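Participant: For reference, the file query_21.csv (CSV, C-alpha atoms) is included below:
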```
chain,number,residue,atom,x,y,z
A,1,SER,CA,11.0,77.0,-39.6
A,2,PHE,CA,10.0,75.4,-42.9
A,3,GLU,CA,9.0,78.8,-44.2
A,4,LYS,CA,12.5,80.1,-43.6
A,5,GLY,CA,14.0,77.4,-45.8
A,6,THR,CA,15.4,78.2,-49.3
A,7,ALA,CA,15.5,74.8,-51.0
A,8,ARG,CA,12.7,73.5,-53.2
A,9,TRP,CA,12.6,70.2,-51.3
A,10,ARG,CA,12.4,70.5,-47.5
A,11,GLY,CA,12.5,67.7,-44.9
A,12,TYR,CA,12.4,67.3,-41.2
A,13,VAL,CA,13.3,65.0,-38.3
A,14,ASP,CA,12.4,65.2,-34.6
A,15,SER,CA,15.1,65.9,-32.0
A,16,ASP,CA,15.2,62.3,-31.0
A,17,ASP,CA,15.2,60.8,-34.6
A,18,ILE,CA,18.3,59.6,-36.4
A,19,ALA,CA,18.8,59.0,-40.1
A,20,GLY,CA,21.2,56.1,-39.5
A,21,GLU,CA,23.8,55.6,-42.1
A,22,LEU,CA,22.2,58.1,-44.4
A,23,ARG,CA,24.0,61.3,-45.3
A,24,THR,CA,23.1,64.5,-47.2
A,25,LYS,CA,24.3,63.0,-50.5
A,26,HIS,CA,21.9,60.1,-50.1
A,27,PHE,CA,19.0,62.5,-49.6
A,28,ARG,CA,20.1,64.6,-52.6
A,29,GLU,CA,20.3,61.4,-54.7
A,30,MET,CA,16.8,60.4,-53.6
A,31,LEU,CA,15.4,63.8,-54.5
A,32,ARG,CA,17.1,63.7,-58.0
A,33,ASN,CA,15.7,60.2,-58.6
A,34,THR,CA,12.2,61.3,-57.5
A,35,GLU,CA,12.2,64.3,-59.9
A,36,ARG,CA,13.5,62.1,-62.7
A,37,ASP,CA,11.3,59.1,-62.2
A,38,HIS,CA,8.2,60.6,-60.6
A,39,PRO,CA,7.9,64.3,-61.8
A,40,GLU,CA,4.3,64.4,-60.5
A,41,ALA,CA,5.4,63.7,-56.9
A,42,ASN,CA,5.3,66.6,-54.5
A,43,CYS,CA,6.1,64.6,-51.3
A,44,ILE,CA,8.3,61.7,-50.3
A,45,SER,CA,7.4,58.9,-48.0
A,46,MET,CA,9.9,56.7,-46.1
A,47,LYS,CA,9.9,54.2,-43.4
A,48,TYR,CA,9.7,55.6,-39.8
A,49,GLU,CA,10.7,53.1,-37.1
A,50,TYR,CA,9.5,53.8,-33.6
A,51,VAL,CA,10.9,52.5,-30.3
A,52,PRO,CA,10.3,48.8,-29.6
A,53,ASP,CA,6.7,47.7,-29.2
A,54,GLU,CA,5.4,50.5,-31.4
A,55,MET,CA,4.5,50.2,-35.1
A,56,PRO,CA,6.8,51.3,-37.9
A,57,GLN,CA,5.0,53.5,-40.4
A,58,ASP,CA,5.3,55.1,-43.8
A,59,LYS,CA,5.7,58.8,-43.1
A,60,ILE,CA,6.1,61.8,-45.3
A,61,ARG,CA,9.3,63.6,-44.3
A,62,PHE,CA,10.1,65.5,-47.5
A,63,VAL,CA,7.8,67.9,-49.4
A,64,LYS,CA,8.2,70.2,-52.5
A,65,TRP,CA,7.6,73.4,-50.7
A,66,GLY,CA,6.5,75.5,-53.6
A,67,ALA,CA,3.4,73.5,-53.9
A,68,GLY,CA,2.0,74.8,-50.6
A,69,TRP,CA,1.8,72.9,-47.3
A,70,ARG,CA,0.6,73.5,-43.7
A,71,TRP,CA,1.1,71.7,-40.4
A,72,GLU,CA,-1.9,69.9,-38.9
A,73,ASP,CA,-2.7,68.2,-35.6
A,74,PRO,CA,-1.2,68.7,-32.1
A,75,VAL,CA,-0.3,65.0,-31.8
A,76,HIS,CA,1.3,62.9,-34.6
A,77,GLU,CA,1.6,66.2,-36.5
A,78,HIS,CA,1.9,66.0,-40.3
A,79,LEU,CA,2.1,68.2,-43.4
A,80,VAL,CA,-1.1,68.7,-45.4
A,81,PRO,CA,-1.2,70.1,-49.0
A,82,VAL,CA,-3.0,73.4,-49.5
A,83,GLY,CA,-5.0,73.6,-52.7
A,84,HIS,CA,-3.5,70.7,-54.5
A,85,PRO,CA,-3.6,66.8,-54.3
A,86,ARG,CA,-0.8,64.9,-52.6
A,87,GLY,CA,1.5,63.0,-55.0
A,88,ILE,CA,3.6,60.5,-53.1
A,89,SER,CA,6.9,58.9,-54.0
A,90,LYS,CA,7.7,56.1,-51.7
A,91,TYR,CA,11.1,54.7,-50.7
A,92,GLU,CA,11.2,51.3,-48.8
A,93,ASP,CA,15.0,51.4,-48.3
A,94,VAL,CA,15.2,54.8,-46.6
A,95,TRP,CA,14.6,54.8,-42.9
A,96,ILE,CA,14.3,57.4,-40.1
A,97,ARG,CA,14.6,55.8,-36.7
A,98,HIS,CA,13.1,57.2,-33.4
A,99,ARG,CA,15.7,56.6,-30.7
A,100,PRO,CA,15.0,58.4,-27.4
A,101,LEU,CA,17.7,58.0,-24.7
A,102,ASP,CA,15.4,56.1,-22.4
A,103,PRO,CA,12.7,54.3,-24.5
A,104,GLN,CA,10.6,53.1,-21.6
A,105,ALA,CA,10.5,56.5,-19.9
A,106,HIS,CA,9.8,58.1,-23.2
A,107,ALA,CA,6.9,55.7,-23.8
A,108,ASN,CA,5.3,56.4,-20.4
A,109,SER,CA,5.7,60.1,-20.6
A,110,SER,CA,4.6,60.3,-24.3
A,111,PHE,CA,1.5,58.2,-23.6
A,112,THR,CA,0.5,60.4,-20.6
A,113,ARG,CA,1.2,63.7,-22.5
A,114,ASN,CA,-0.5,62.6,-25.7
A,115,HIS,CA,-3.5,61.3,-23.9
A,116,ARG,CA,-4.2,64.7,-22.2
A,117,ILE,CA,-3.7,66.5,-25.5
A,118,LEU,CA,-6.0,64.1,-27.4
A,119,GLU,CA,-8.7,64.4,-24.7
A,120,ARG,CA,-8.7,68.2,-24.9
A,121,ALA,CA,-8.7,68.2,-28.7
A,122,TYR,CA,-11.5,65.7,-28.9
A,123,ALA,CA,-13.7,67.7,-26.4
A,124,LYS,CA,-13.1,71.0,-28.3
A,125,GLU,CA,-13.4,69.7,-31.9
A,126,THR,CA,-16.6,70.5,-33.9
A,127,ARG,CA,-15.6,69.2,-37.3
A,128,PRO,CA,-17.0,65.6,-37.6
A,129,GLU,CA,-14.1,64.1,-39.6
A,130,LYS,CA,-11.4,65.7,-37.3
A,131,LYS,CA,-13.4,64.5,-34.2
A,132,ALA,CA,-13.4,61.0,-35.7
A,133,LEU,CA,-9.6,61.2,-36.0
A,134,TRP,CA,-9.2,62.0,-32.3
A,135,ALA,CA,-11.7,59.2,-31.5
A,136,TYR,CA,-9.4,56.8,-33.5
A,137,TYR,CA,-6.3,57.7,-31.4
A,138,LEU,CA,-8.2,57.8,-28.1
A,139,GLY,CA,-9.7,54.3,-28.9
A,140,GLY,CA,-6.2,52.9,-29.0
A,141,HIS,CA,-5.4,54.6,-25.7
A,142,ALA,CA,-8.7,53.1,-24.2
A,143,VAL,CA,-7.6,49.6,-25.2
A,144,MET,CA,-4.2,50.1,-23.4
A,145,LEU,CA,-6.1,51.4,-20.3
A,146,ASN,CA,-8.5,48.3,-20.5
A,147,VAL,CA,-11.6,50.6,-20.7
A,148,HIS,CA,-13.3,48.3,-23.2
A,149,ASP,CA,-16.7,49.9,-23.5
A,150,VAL,CA,-15.1,53.3,-24.1
A,151,ALA,CA,-12.8,51.8,-26.7
A,152,ARG,CA,-15.8,50.3,-28.5
A,153,GLN,CA,-17.6,53.6,-28.6
A,154,LEU,CA,-14.5,55.5,-29.8
A,155,PHE,CA,-13.7,53.0,-32.5
A,156,ARG,CA,-17.3,53.0,-33.8
A,157,GLU,CA,-17.2,56.8,-34.0
A,158,ALA,CA,-13.8,56.7,-35.9
A,159,ALA,CA,-15.0,54.0,-38.3
A,160,ASP,CA,-18.2,55.9,-39.1
A,161,GLY,CA,-16.6,59.3,-39.4
A,162,LEU,CA,-13.4,58.6,-41.3
A,163,GLY,CA,-15.2,57.2,-44.4
A,164,LEU,CA,-13.4,54.8,-46.8
A,165,SER,CA,-9.9,55.2,-45.5
A,166,ASN,CA,-7.0,53.2,-44.0
A,167,LEU,CA,-7.7,54.8,-40.6
A,168,ALA,CA,-11.3,53.7,-40.6
A,169,CYS,CA,-10.1,50.2,-41.6
A,170,ASP,CA,-7.6,50.2,-38.8
A,171,ALA,CA,-10.2,51.4,-36.3
A,172,LEU,CA,-12.3,48.3,-37.2
A,173,VAL,CA,-9.3,46.0,-37.1
A,174,ARG,CA,-8.4,47.2,-33.6
A,175,TRP,CA,-12.0,46.8,-32.5
A,176,SER,CA,-12.0,43.3,-34.0
A,177,ARG,CA,-8.8,42.4,-32.1
A,178,LEU,CA,-10.4,43.7,-28.9
A,179,GLU,CA,-13.4,41.5,-29.4
A,180,CYS,CA,-11.2,38.4,-30.0
A,181,LYS,CA,-9.4,39.2,-26.8
A,182,LEU,CA,-12.7,39.3,-24.9
A,183,GLY,CA,-14.0,36.1,-26.5
A,184,GLN,CA,-16.6,37.7,-28.8
A,185,PHE,CA,-15.5,35.9,-31.9
A,186,GLU,CA,-18.6,36.3,-34.0
A,187,ARG,CA,-18.6,40.1,-33.4
A,188,ALA,CA,-14.9,40.1,-34.3
A,189,ILE,CA,-15.6,38.4,-37.6
A,190,GLU,CA,-18.3,40.9,-38.4
A,191,LEU,CA,-16.0,43.8,-37.7
A,192,ALA,CA,-13.2,42.3,-39.8
A,193,ALA,CA,-15.6,42.1,-42.7
A,194,LYS,CA,-16.4,45.7,-42.3
A,195,ALA,CA,-12.7,46.6,-42.2
A,196,ILE,CA,-12.2,44.8,-45.5
A,197,GLY,CA,-14.9,47.0,-47.0
A,198,LYS,CA,-13.3,50.2,-45.7
A,199,ALA,CA,-9.9,49.5,-47.4
A,200,PRO,CA,-9.9,46.3,-49.5
A,201,GLU,CA,-6.4,47.2,-50.9
A,202,LEU,CA,-4.9,46.9,-47.4
A,203,PRO,CA,-4.0,43.5,-45.8
A,204,ASP,CA,-5.3,44.5,-42.3
A,205,GLY,CA,-8.9,43.5,-42.8
A,206,LEU,CA,-8.1,40.1,-44.2
A,207,ALA,CA,-5.6,39.5,-41.5
A,208,ALA,CA,-8.1,40.4,-38.8
A,209,MET,CA,-10.6,38.1,-40.5
A,210,GLY,CA,-8.2,35.2,-40.5
A,211,VAL,CA,-7.4,35.6,-36.8
A,212,ALA,CA,-11.1,36.0,-35.8
A,213,GLN,CA,-12.0,32.8,-37.8
A,214,LEU,CA,-9.2,30.9,-36.1
A,215,ARG,CA,-10.3,32.0,-32.6
A,216,ALA,CA,-13.8,31.0,-33.5
A,217,GLY,CA,-12.6,27.5,-34.3
A,218,ALA,CA,-13.2,27.7,-38.0
A,219,ASP,CA,-9.7,26.4,-38.9
A,220,LEU,CA,-10.4,25.6,-42.6
A,221,ARG,CA,-11.9,29.1,-43.2
A,222,ALA,CA,-9.0,30.7,-41.4
A,223,ALA,CA,-6.5,28.8,-43.5
A,224,GLY,CA,-8.3,29.9,-46.6
A,225,VAL,CA,-8.3,33.5,-45.6
A,226,PHE,CA,-4.5,33.3,-44.9
A,227,ASP,CA,-4.0,31.7,-48.3
A,228,LEU,CA,-5.8,34.7,-49.9
A,229,LEU,CA,-3.8,37.1,-47.8
A,230,LYS,CA,-0.5,35.7,-49.2
A,231,THR,CA,-1.6,36.4,-52.7
A,232,GLN,CA,-2.5,40.0,-52.0
A,233,PRO,CA,-0.1,42.5,-53.5
A,234,PRO,CA,1.5,45.0,-51.1
A,235,PRO,CA,-0.4,48.3,-50.8
A,236,VAL,CA,1.1,51.4,-52.2
A,237,PHE,CA,0.9,53.4,-49.0
A,238,GLU,CA,0.7,51.9,-45.5
A,239,SER,CA,0.6,54.8,-43.0
A,240,GLN,CA,-0.7,52.5,-40.2
A,241,HIS,CA,1.3,49.3,-40.9
A,242,ASP,CA,1.3,47.5,-37.6
A,243,ALA,CA,4.3,45.2,-37.8
A,244,VAL,CA,3.6,43.5,-34.5
A,245,PHE,CA,0.2,42.4,-35.7
A,246,LEU,CA,0.7,41.9,-39.4
A,247,ASP,CA,4.2,40.5,-39.5
A,248,GLY,CA,4.2,38.7,-36.1
A,249,ILE,CA,0.8,37.8,-34.6
A,250,VAL,CA,-0.9,37.1,-38.0
A,251,LYS,CA,1.9,34.9,-39.3
A,252,CYS,CA,1.8,32.8,-36.1
A,253,ALA,CA,-2.0,32.6,-36.4
A,254,ALA,CA,-1.6,31.4,-40.0
A,255,ALA,CA,0.9,28.8,-38.9
A,256,LEU,CA,-1.5,27.5,-36.3
A,257,ALA,CA,-4.4,27.4,-38.9
A,258,TYR,CA,-2.2,25.4,-41.3
A,259,TYR,CA,-1.1,23.0,-38.5
A,260,ARG,CA,-4.6,22.4,-37.4
A,261,THR,CA,-5.7,21.6,-41.0
A,262,GLY,CA,-2.8,19.1,-41.5
A,263,ARG,CA,-0.5,21.4,-43.5
A,264,VAL,CA,2.6,20.9,-41.4
A,265,ASP,CA,5.1,22.1,-44.0
A,266,ASP,CA,3.1,25.3,-44.6
A,267,ALA,CA,3.0,25.9,-40.9
A,268,THR,CA,6.7,25.5,-40.5
A,269,LYS,CA,7.4,27.8,-43.5
A,270,MET,CA,5.0,30.5,-42.1
A,271,LEU,CA,6.7,30.4,-38.7
A,272,GLY,CA,10.0,31.0,-40.4
A,273,GLU,CA,8.7,34.2,-42.0
A,274,VAL,CA,8.2,35.9,-38.6
A,275,PRO,CA,11.0,38.5,-38.4
A,276,GLU,CA,13.7,37.7,-35.9
A,277,GLY,CA,13.3,41.0,-34.2
A,278,LEU,CA,9.6,40.4,-33.5
A,279,ARG,CA,9.9,36.9,-32.0
A,280,LYS,CA,10.7,38.2,-28.5
A,281,HIS,CA,7.8,40.6,-28.5
A,282,PRO,CA,5.4,39.4,-25.7
A,283,GLU,CA,2.3,39.2,-27.9
A,284,VAL,CA,4.2,37.5,-30.8
A,285,HIS,CA,5.9,35.1,-28.5
A,286,ALA,CA,2.6,34.0,-26.9
A,287,ALA,CA,1.0,33.6,-30.4
A,288,GLY,CA,4.1,31.6,-31.6
A,289,GLN,CA,4.0,29.2,-28.6
A,290,GLU,CA,0.5,28.2,-29.5
A,291,VAL,CA,1.8,26.5,-32.7
A,292,VAL,CA,5.5,25.9,-31.9
A,293,VAL,CA,4.7,23.4,-29.1
A,294,PRO,CA,2.3,21.1,-31.0
A,295,LEU,CA,4.3,21.6,-34.3
A,296,SER,CA,7.5,20.4,-32.7
A,297,ARG,CA,5.7,17.5,-31.1
A,298,THR,CA,4.4,16.5,-34.6
A,299,GLN,CA,7.8,16.9,-36.1
A,300,GLY,CA,9.2,14.7,-33.3
A,301,TYR,CA,6.7,12.0,-34.0
A,302,GLN,CA,7.4,12.2,-37.7
A,303,ARG,CA,11.1,11.6,-37.0
A,304,LEU,CA,10.2,8.6,-34.8
A,305,TYR,CA,8.0,7.1,-37.5
A,306,ALA,CA,10.8,7.5,-40.0
A,307,LEU,CA,13.1,5.6,-37.6
A,308,TRP,CA,10.5,2.9,-37.3
A,309,GLU,CA,10.4,2.5,-41.1
A,310,TYR,CA,14.2,2.0,-41.1
A,311,LEU,CA,13.9,-0.6,-38.4
A,312,ILE,CA,10.8,-2.5,-39.7
A,313,TRP,CA,12.4,-3.2,-43.0
A,314,ASP,CA,15.9,-3.6,-41.6
A,315,THR,CA,17.3,-1.9,-44.6
A,316,GLU,CA,19.4,0.7,-43.0
A,317,PRO,CA,19.9,-0.2,-39.3
A,318,LEU,CA,23.1,1.8,-39.0
A,319,LYS,CA,21.4,4.9,-40.3
A,320,ALA,CA,18.6,4.3,-37.9
A,321,LYS,CA,21.0,3.9,-35.1
A,322,ARG,CA,22.7,7.2,-35.9
A,323,LEU,CA,19.4,9.1,-36.1
A,324,LEU,CA,18.3,7.6,-32.9
A,325,GLU,CA,21.5,8.8,-31.2
A,326,GLU,CA,21.0,12.3,-32.5
A,327,PHE,CA,17.3,12.4,-31.7
A,328,ALA,CA,16.5,14.5,-28.7
A,329,PRO,CA,12.8,15.5,-28.9
A,330,ALA,CA,12.7,17.8,-25.9
A,331,SER,CA,9.0,18.6,-26.5
A,332,ILE,CA,7.9,14.9,-26.4
A,333,SER,CA,10.7,12.9,-24.7
A,334,ASP,CA,9.0,13.0,-21.3
A,335,GLN,CA,5.9,11.2,-22.6
A,336,PRO,CA,5.7,7.5,-21.4
A,337,GLN,CA,4.7,6.2,-24.9
A,338,VAL,CA,7.6,8.0,-26.5
A,339,LYS,CA,10.0,6.6,-23.9
A,340,GLN,CA,8.7,3.1,-24.5
A,341,LEU,CA,9.0,3.5,-28.3
A,342,ILE,CA,12.7,4.6,-28.0
A,343,ARG,CA,13.4,1.7,-25.6
A,344,SER,CA,11.9,-0.8,-28.1
A,345,MET,CA,13.9,0.7,-30.9
A,346,ARG,CA,17.1,0.5,-29.0
A,347,GLN,CA,16.4,-3.2,-28.2
A,348,LYS,CA,15.7,-4.0,-31.8
A,349,LEU,CA,18.9,-2.2,-33.0
A,350,GLN,CA,20.9,-4.2,-30.4
A,351,HIS,CA,19.2,-7.4,-31.7
A,352,ILE,CA,20.0,-6.5,-35.3
A,353,GLU,CA,23.7,-5.8,-34.4
A,354,SER,CA,24.0,-9.0,-32.5
A,355,TRP,CA,22.4,-11.1,-35.2
A,356,ASN,CA,24.5,-9.6,-38.0
A,357,ALA,CA,27.6,-10.2,-35.9
A,358,TYR,CA,26.6,-13.8,-35.3
A,359,ARG,CA,25.8,-14.4,-39.0
A,360,ARG,CA,29.1,-12.9,-40.1
A,361,THR,CA,31.3,-14.8,-37.8
A,362,TYR,CA,29.6,-18.2,-37.3
A,363,ALA,CA,26.5,-18.9,-39.4
A,364,ALA,CA,27.6,-17.8,-42.9
A,365,ILE,CA,31.1,-19.2,-43.2
A,366,PRO,CA,30.4,-23.0,-43.1
A,367,ASP,CA,27.9,-22.6,-45.9
A,368,LEU,CA,30.3,-20.9,-48.3
A,369,PRO,CA,31.9,-23.1,-51.0
A,370,TYR,CA,35.1,-21.0,-50.9
A,371,HIS,CA,37.2,-19.2,-48.4
A,372,VAL,CA,36.2,-15.6,-47.6
A,373,PRO,CA,39.0,-13.2,-46.5
A,374,GLU,CA,38.7,-12.0,-43.0
A,375,GLU,CA,38.3,-8.4,-44.0
A,376,ASP,CA,35.2,-9.3,-46.2
A,377,ARG,CA,33.4,-11.3,-43.6
```
Could you express the structure from this file as structure tokens?

Facilitator:
Amino acid sequence: SFEKGTARWRGYVDSDDIAGELRTKHFREMLRNTERDHPEANCISMKYEYVPDEMPQDKIRFVKWGAGWRWEDPVHEHLVPVGHPRGISKYEDVWIRHRPLDPQAHANSSFTRNHRILERAYAKETRPEKKALWAYYLGGHAVMLNVHDVARQLFREAADGLGLSNLACDALVRWSRLECKLGQFERAIELAAKAIGKAPELPDGLAAMGVAQLRAGADLRAAGVFDLLKTQPPPVFESQHDAVFLDGIVKCAAALAYYRTGRVDDATKMLGEVPEGLRKHPEVHAAGQEVVVPLSRTQGYQRLYALWEYLIWDTEPLKAKRLLEEFAPASISDQPQVKQLIRSMRQKLQHIESWNAYRRTYAAIPDLPYHVPEEDR
């Protein structure tokens, strides 16, 4: 169908994709801007958002057809340049969204269909690099099927066969995450280090390293890795950007590392950076709960200690009373020592109020050399 087109720039969407609020005029403007600002570009990348629980990616959806292109791969098909390098112009604010009528049914049928296609392609393939690509995809399927030894074998083949590339890096990152899941933390750290070497410009390897160090109990090292990750500039092209992992699980892991090393404010800030749409994802929610519960407990104690300071010095008893009335630390209020602390604070507040009332109405007036108006007492 592309060959029957007449325009110099040609783009495509699948039958269950939508372009959202974008219209033809927006695409034409994008093409004009590309030719003006990036004359060397012969293809355009934009964000492609899958159904929930799948990763959004940067995908090429427009190409300058005169340069020569061909379709490749039976699954996750894409356009490959013929006889020339690929010059990419990337747009962060242009999205194509994958919206099947029944997302769950689509996910199930798509997985089954793609798995059969990939197995046939892997078995027939003779080119080493292409076979490594099929191994990469099948490794992800093996993890989902809980066939761990098969997943290890496939990820090893993918990492070895795909050279220094983002896919080789991602194969090692997925393998590292699998080893973390299985409790093999030292192996996970080793694989994360190899992932960094495959694509040092991507955040994935460092992210996997931080998670593996945290799971291994090296909290200070993990916090240091996450600090380094925050300073890394965004990559130019992230074809395999796993939002659930990088924007959800990793940020929760960083928050936990900061909390464990006493950086409560940094932990709170990092948790706030987890996108709202990811917080209900099962994996992200579980990772978040690891830090939310102890962090809220610490913040609750900090507020109690602040109240104690007001009470000890008796400088702002009314403010202390107001804070105490507003304070409802759900995560710690059921603990006996907290209940006792709150009771003692209430008793002292009552004592302060009673003493002040007594001093104003009885004790202070006889000592005054002059009459004090009632409203000033």

Participant: List every protein, DNA or RNA residue that has an atom no more than 12 Å from (-8.7, 54.8, -44.1) in the file's coordinate frame, counting only C-alpha atoms, and report them as a PyMOL selection string.

Facilitator: chain A and resi 129+132-133+136+158-173+195-202+204-205+237-241

Participant: Up to 12 Å from (9.6, 28.9, -29.5) in the file's coordinates: name the residues, counting only C-alpha atoms, as a PDB file with C-alpha atoms, keeping the file's coordinate frame.

Facilitator:
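Full text of part08.pdb as output:
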```pdb
ATOM      1  CA  CYS A 252       1.800  32.800 -36.100  1.00  0.00           C
ATOM      2  CA  THR A 268       6.700  25.500 -40.500  1.00  0.00           C
ATOM      3  CA  LEU A 271       6.700  30.400 -38.700  1.00  0.00           C
ATOM      4  CA  GLY A 272      10.000  31.000 -40.400  1.00  0.00           C
ATOM      5  CA  VAL A 274       8.200  35.900 -38.600  1.00  0.00           C
ATOM      6  CA  GLU A 276      13.700  37.700 -35.900  1.00  0.00           C
ATOM      7  CA  ARG A 279       9.900  36.900 -32.000  1.00  0.00           C
ATOM      8  CA  LYS A 280      10.700  38.200 -28.500  1.00  0.00           C
ATOM      9  CA  HIS A 281       7.800  40.600 -28.500  1.00  0.00           C
ATOM     10  CA  PRO A 282       5.400  39.400 -25.700  1.00  0.00           C
ATOM     11  CA  VAL A 284       4.200  37.500 -30.800  1.00  0.00           C
ATOM     12  CA  HIS A 285       5.900  35.100 -28.500  1.00  0.00           C
ATOM     13  CA  ALA A 286       2.600  34.000 -26.900  1.00  0.00           C
ATOM     14  CA  ALA A 287       1.000  33.600 -30.400  1.00  0.00           C
ATOM     15  CA  GLY A 288       4.100  31.600 -31.600  1.00  0.00           C
ATOM     16  CA  GLN A 289       4.000  29.200 -28.600  1.00  0.00           C
ATOM     17  CA  GLU A 290       0.500  28.200 -29.500  1.00  0.00           C
ATOM     18  CA  VAL A 291       1.800  26.500 -32.700  1.00  0.00           C
ATOM     19  CA  VAL A 292       5.500  25.900 -31.900  1.00  0.00           C
ATOM     20  CA  VAL A 293       4.700  23.400 -29.100  1.00  0.00           C
ATOM     21  CA  PRO A 294       2.300  21.100 -31.000  1.00  0.00           C
ATOM     22  CA  LEU A 295       4.300  21.600 -34.300  1.00  0.00           C
ATOM     23  CA  SER A 296       7.500  20.400 -32.700  1.00  0.00           C
ATOM     24  CA  SER A 331       9.000  18.600 -26.500  1.00  0.00           C
TER      25      SER A 331
END
```

Participant: When you draw a straight line from CA of Tyr122 in chain A to CA of His141 in chain A, how long is it in Å?

Facilitator: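 Going from CA of Tyr122 in chain A over to CA of His141 in chain A, I get 13.1 Å.
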
Participant: Any idea what the distance is between CA of Ala188 in chain A and CA of Ala212 in chain A?

Facilitator: 5.8 Å

Participant: Could you tell me which of A:Ile189, A:Arg10, A:Tyr258, A:Glu72 comes closest to Asn42 in chain A if we count all atoms listed in the file?

Facilitator: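 Ranking A:Ile189, A:Arg10, A:Tyr258, A:Glu72 by distance to Asn42 in chain A, first place goes to A:Arg10.
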